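**Q** Contents of my_file_23.txt (compact mmCIF, C-alpha atoms):
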```txt
# COMPACT_ATOMS: atom_id res chain seq x y z
CA MET A 1 120.38 109.98 104.64
CA GLY A 2 120.14 107.76 107.72
CA PHE A 3 116.93 107.57 109.71
CA ARG A 4 117.80 110.00 112.46
CA LYS A 5 115.28 111.46 114.84
CA LEU A 6 112.44 112.59 112.63
CA ARG A 7 110.51 115.49 114.15
CA VAL A 8 106.98 115.96 112.87
CA GLY A 9 104.68 118.72 114.12
CA SER A 10 101.22 120.08 113.42
CA TRP A 11 99.95 123.67 113.47
CA ASN A 12 96.63 125.36 112.91
CA ILE A 13 97.83 128.50 111.17
CA GLY A 14 94.61 130.45 110.75
CA SER A 15 96.34 133.35 112.47
CA LEU A 16 99.45 133.13 110.25
CA ILE A 17 97.89 133.69 106.84
CA GLY A 18 100.57 135.08 104.52
CA LYS A 19 103.29 134.44 107.07
CA SER A 20 104.71 131.15 105.80
CA ILE A 21 108.28 132.46 106.11
CA GLU A 22 107.71 133.18 109.81
CA LEU A 23 106.39 129.63 110.22
CA VAL A 24 109.47 128.16 108.49
CA LYS A 25 111.78 130.20 110.74
CA SER A 26 109.98 128.73 113.74
CA LEU A 27 110.29 125.20 112.32
CA LYS A 28 114.03 125.68 111.79
CA ARG A 29 114.46 127.05 115.31
CA ARG A 30 112.62 124.04 116.77
CA LYS A 31 114.43 121.60 114.44
CA ILE A 32 111.15 120.33 112.97
CA ASN A 33 111.64 118.29 109.77
CA ILE A 34 108.03 117.99 108.68
CA ALA A 35 105.06 120.16 109.61
CA CYS A 36 101.38 119.57 108.95
CA VAL A 37 99.37 122.78 108.77
CA GLN A 38 95.62 123.31 108.84
CA GLU A 39 93.22 126.18 108.26
CA THR A 40 95.66 127.65 105.77
CA ARG A 41 92.99 129.32 103.63
CA TRP A 42 95.34 129.06 100.64
CA ALA A 43 93.45 128.54 97.38
CA GLY A 44 94.32 125.77 94.94
CA SER A 45 96.47 122.64 94.97
CA LYS A 46 100.05 123.67 94.50
CA ALA A 47 103.63 123.33 95.70
CA ARG A 48 106.23 126.00 96.33
CA ASP A 49 109.54 126.59 98.07
CA VAL A 50 109.53 128.60 101.28
CA ASP A 51 112.97 129.52 102.60
CA GLY A 52 114.45 126.04 102.05
CA PHE A 53 111.31 124.08 102.94
CA LYS A 54 109.03 122.59 100.30
CA LEU A 55 105.33 123.30 100.87
CA TRP A 56 102.58 121.22 99.30
CA TYR A 57 99.05 122.41 99.94
CA SER A 58 95.42 121.82 99.06
CA GLY A 59 92.80 124.51 99.50
CA ASP A 60 89.33 125.64 98.57
CA LEU A 61 88.93 128.36 95.98
CA ARG A 62 86.75 130.27 98.48
CA HIS A 63 89.77 130.66 100.79
CA ARG A 64 88.41 128.52 103.62
CA ASN A 65 89.72 125.36 105.25
CA GLY A 66 92.97 124.24 103.63
CA VAL A 67 95.77 121.89 104.63
CA GLY A 68 99.45 121.70 103.81
CA ILE A 69 102.65 119.84 104.55
CA LEU A 70 106.08 121.46 104.81
CA VAL A 71 109.23 119.34 104.43
CA ASP A 72 112.75 120.54 105.23
CA VAL A 73 115.63 120.77 102.78
CA ASP A 74 117.14 117.42 103.88
CA LEU A 75 113.93 115.46 103.25
CA LYS A 76 112.20 117.17 100.33
CA GLU A 77 114.01 114.97 97.78
CA CYS A 78 112.75 111.89 99.66
CA VAL A 79 109.10 112.67 98.82
CA ILE A 80 107.85 110.16 96.24
CA GLU A 81 104.10 110.82 96.33
CA VAL A 82 101.75 113.70 97.12
CA LYS A 83 98.03 112.99 97.29
CA ARG A 84 95.50 115.75 97.84
CA ILE A 85 92.19 114.29 99.01
CA SER A 86 90.31 117.55 99.62
CA ASP A 87 90.68 120.98 101.19
CA ARG A 88 90.61 119.14 104.54
CA MET A 89 93.05 116.30 103.92
CA MET A 90 96.23 115.40 102.07
CA PHE A 91 99.22 113.13 102.53
CA ILE A 92 102.75 112.65 101.32
CA LYS A 93 104.90 109.53 101.15
CA LEU A 94 108.65 109.64 101.71
CA VAL A 95 111.37 107.01 101.48
CA ILE A 96 113.94 107.42 104.23
CA SER A 97 116.66 104.76 104.48
CA ARG A 98 114.46 102.20 102.68
CA LEU A 99 111.60 102.94 105.11
CA PHE A 100 108.31 104.27 103.75
CA VAL A 101 106.92 107.12 105.86
CA ASN A 102 103.44 108.55 105.25
CA VAL A 103 102.48 111.95 106.66
CA VAL A 104 98.81 112.96 106.72
CA SER A 105 97.60 116.52 107.32
CA ALA A 106 93.92 116.64 108.33
CA TYR A 107 91.48 119.38 109.33
CA ALA A 108 88.25 117.97 110.76
CA PRO A 109 84.93 119.79 110.37
CA HIS A 110 83.88 121.75 113.44
CA VAL A 111 80.74 121.32 115.53
CA GLY A 112 78.46 123.63 113.55
CA LEU A 113 78.85 121.84 110.21
CA ASP A 114 76.47 119.32 108.66
CA ASP A 115 76.73 115.69 109.79
CA GLU A 116 77.25 114.60 106.17
CA VAL A 117 80.38 116.77 105.90
CA LYS A 118 81.71 115.19 109.10
CA ARG A 119 80.89 111.67 107.94
CA LEU A 120 82.69 112.20 104.64
CA PHE A 121 85.79 113.56 106.40
CA TRP A 122 86.05 110.52 108.70
CA GLU A 123 85.42 108.14 105.78
CA ASP A 124 88.21 109.83 103.81
CA LEU A 125 90.61 109.57 106.77
CA ASN A 126 89.68 105.92 107.27
CA GLU A 127 90.29 105.21 103.58
CA VAL A 128 93.70 106.93 103.64
CA VAL A 129 94.83 105.04 106.76
CA ARG A 130 93.53 101.68 105.52
CA GLY A 131 95.28 102.25 102.19
CA ILE A 132 98.71 102.43 103.83
CA PRO A 133 100.38 99.00 104.11
CA SER A 134 101.13 97.82 107.64
CA THR A 135 104.84 97.70 106.75
CA GLU A 136 104.91 101.49 106.35
CA LYS A 137 104.99 104.17 109.04
CA ILE A 138 102.25 106.77 109.37
CA PHE A 139 102.14 110.15 111.10
CA ILE A 140 98.84 111.99 111.31
CA GLY A 141 99.00 115.68 112.14
CA GLY A 142 95.82 117.62 112.35
CA ASP A 143 93.24 119.80 113.93
CA PHE A 144 90.51 117.33 114.87
CA ASN A 145 88.30 119.92 116.56
CA GLY A 146 87.86 117.53 119.45
CA HIS A 147 87.07 118.07 123.07
CA ILE A 148 89.09 115.99 125.49
CA GLY A 149 87.99 117.13 128.92
CA THR A 150 89.36 119.27 131.72
CA THR A 151 92.48 117.35 132.80
CA SER A 152 95.48 115.82 131.07
CA ASN A 153 95.29 112.52 132.94
CA GLY A 154 96.23 109.74 130.54
CA PHE A 155 97.29 112.10 127.73
CA ASP A 156 100.78 113.01 128.96
CA ASP A 157 102.60 111.31 126.05
CA VAL A 158 100.33 112.57 123.25
CA HIS A 159 99.14 116.05 124.19
CA GLY A 160 101.11 119.21 124.84
CA GLY A 161 98.91 120.24 127.78
CA LEU A 162 97.24 123.22 126.13
CA GLY A 163 93.52 123.30 125.50
CA PHE A 164 92.33 121.47 128.61
CA GLY A 165 89.45 123.01 130.52
```
Would you put the structure from the file into structure tokens?

**A**
Amino acid sequence: MGFRKLRVGSWNIGSLIGKSIELVKSLKRRKINIACVQETRWAGSKARDVDGFKLWYSGDLRHRNGVGILVDVDLKECVIEVKRISDRMMFIKLVISRLFVNVVSAYAPHVGLDDEVKRLFWEDLNEVVRGIPSTEKIFIGGDFNGHIGTTSNGFDDVHGGLGFG
């Protein structure tokens, strides 16, 4: 498979629990090849097929947090590594036309959680990113629970425009 336009997206799917097929239909409609999902609340560290997409996920047994990565039918055979760091972070590595592509799904702790939990999350993300050779590509999709202000000035190329204010 040649390296065509690769479309990677990220969704917080707390409101879509149990509706993975609906999510996949949306991904197909939008022609998204890879999707990072957060707040899945799926328990365990497993993989399964969902209507042609392959879903890898990592979740807490208490059904909180949770991250996952969905890969379309054309790319799922290109996945050579899946690494689950925690219920808040995982990544996959693909080989596409001799190019290594790493996709990270991350779900940052929110404001009310302990500073130690936040510190560990950012240390884990730093370790994952630093562990990827500079010759490889990296996509990070996530819910970083950040606050970016009231206007989109300067964020036009990286933010969809929702959530300001």

**Q** Would you mind telling me which residue in A:Leu94, A:Ile140, A:Val24, A:Val101 lies nearest to Val79 (chain A) when using only C-alpha atoms?

**A** A:Leu94

**Q** Pick out the closest residue to Gly68 (chain A) from this set: A:Asn145, A:Val37, A:Ser45, A:Arg88. Count all atoms listed in the file.

**A**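 Closest to Gly68 (chain A), using all atoms listed in the file: A:Val37.
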
**Q** One decimal, Å: what's the distance from CA of Lys28 (chain A) over to CA of Lys76 (chain A), could you say?

**A** 14.4 Å

**Q** Identify which of the residues A:Gly131, A:Phe144, A:Gly66, A:Phe100 lies closest to Lys118 (chain A), counting all atoms listed in the file when measuring atom-to-atom distances.

**A**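 For Lys118 (chain A), the nearest of the candidates is A:Phe144.
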
**Q** Any idea what the distance is between CA of Ala35 (chain A) and CA of Ser86 (chain A)?

**A**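 Computing it gives 18.0 Å between the two atoms.
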
**Q** To one decimal place in Å, what is the distance between CA of Ile85 (chain A) and CA of Ser97 (chain A)?

**A** 26.8 Å

**Q** As a list in words, please: the residues near Gly52 (chain A) (cut-off 12 Å, all atoms listed in the file, same-chain neighbours under 6 positions excluded).

**A**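 In the requested form, the answer reads Ser20, Ile21, Val24, Lys25, Leu27, Lys28, Asn33, Leu70, Val71, Asp72, Val73, Asp74, Leu75, Lys76 and Glu77 of chain A.
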
**Q** Hey, which of A:Met90, A:Ile96, A:Ile80, A:Leu61 ends up closest to Glu127 (chain A)? Count all atoms listed in the file.

**A**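 Using all atoms listed in the file, the shortest distance to Glu127 (chain A) belongs to A:Met90.
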
**Q** Just checking: using all atoms listed in the file, which residue out of A:Val103, A:Val128, A:Ile32, A:Ala43 ends up closest to Asp87 (chain A)?

**A** A:Ala43

**Q** When you count only C-alpha atoms, which of these residues is closest to Ala47 (chain A): A:Lys137, A:Lys19, A:Arg84, A:Arg62?

**A**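 Residue with the minimum atom-to-atom distance to Ala47 (chain A): A:Arg84.
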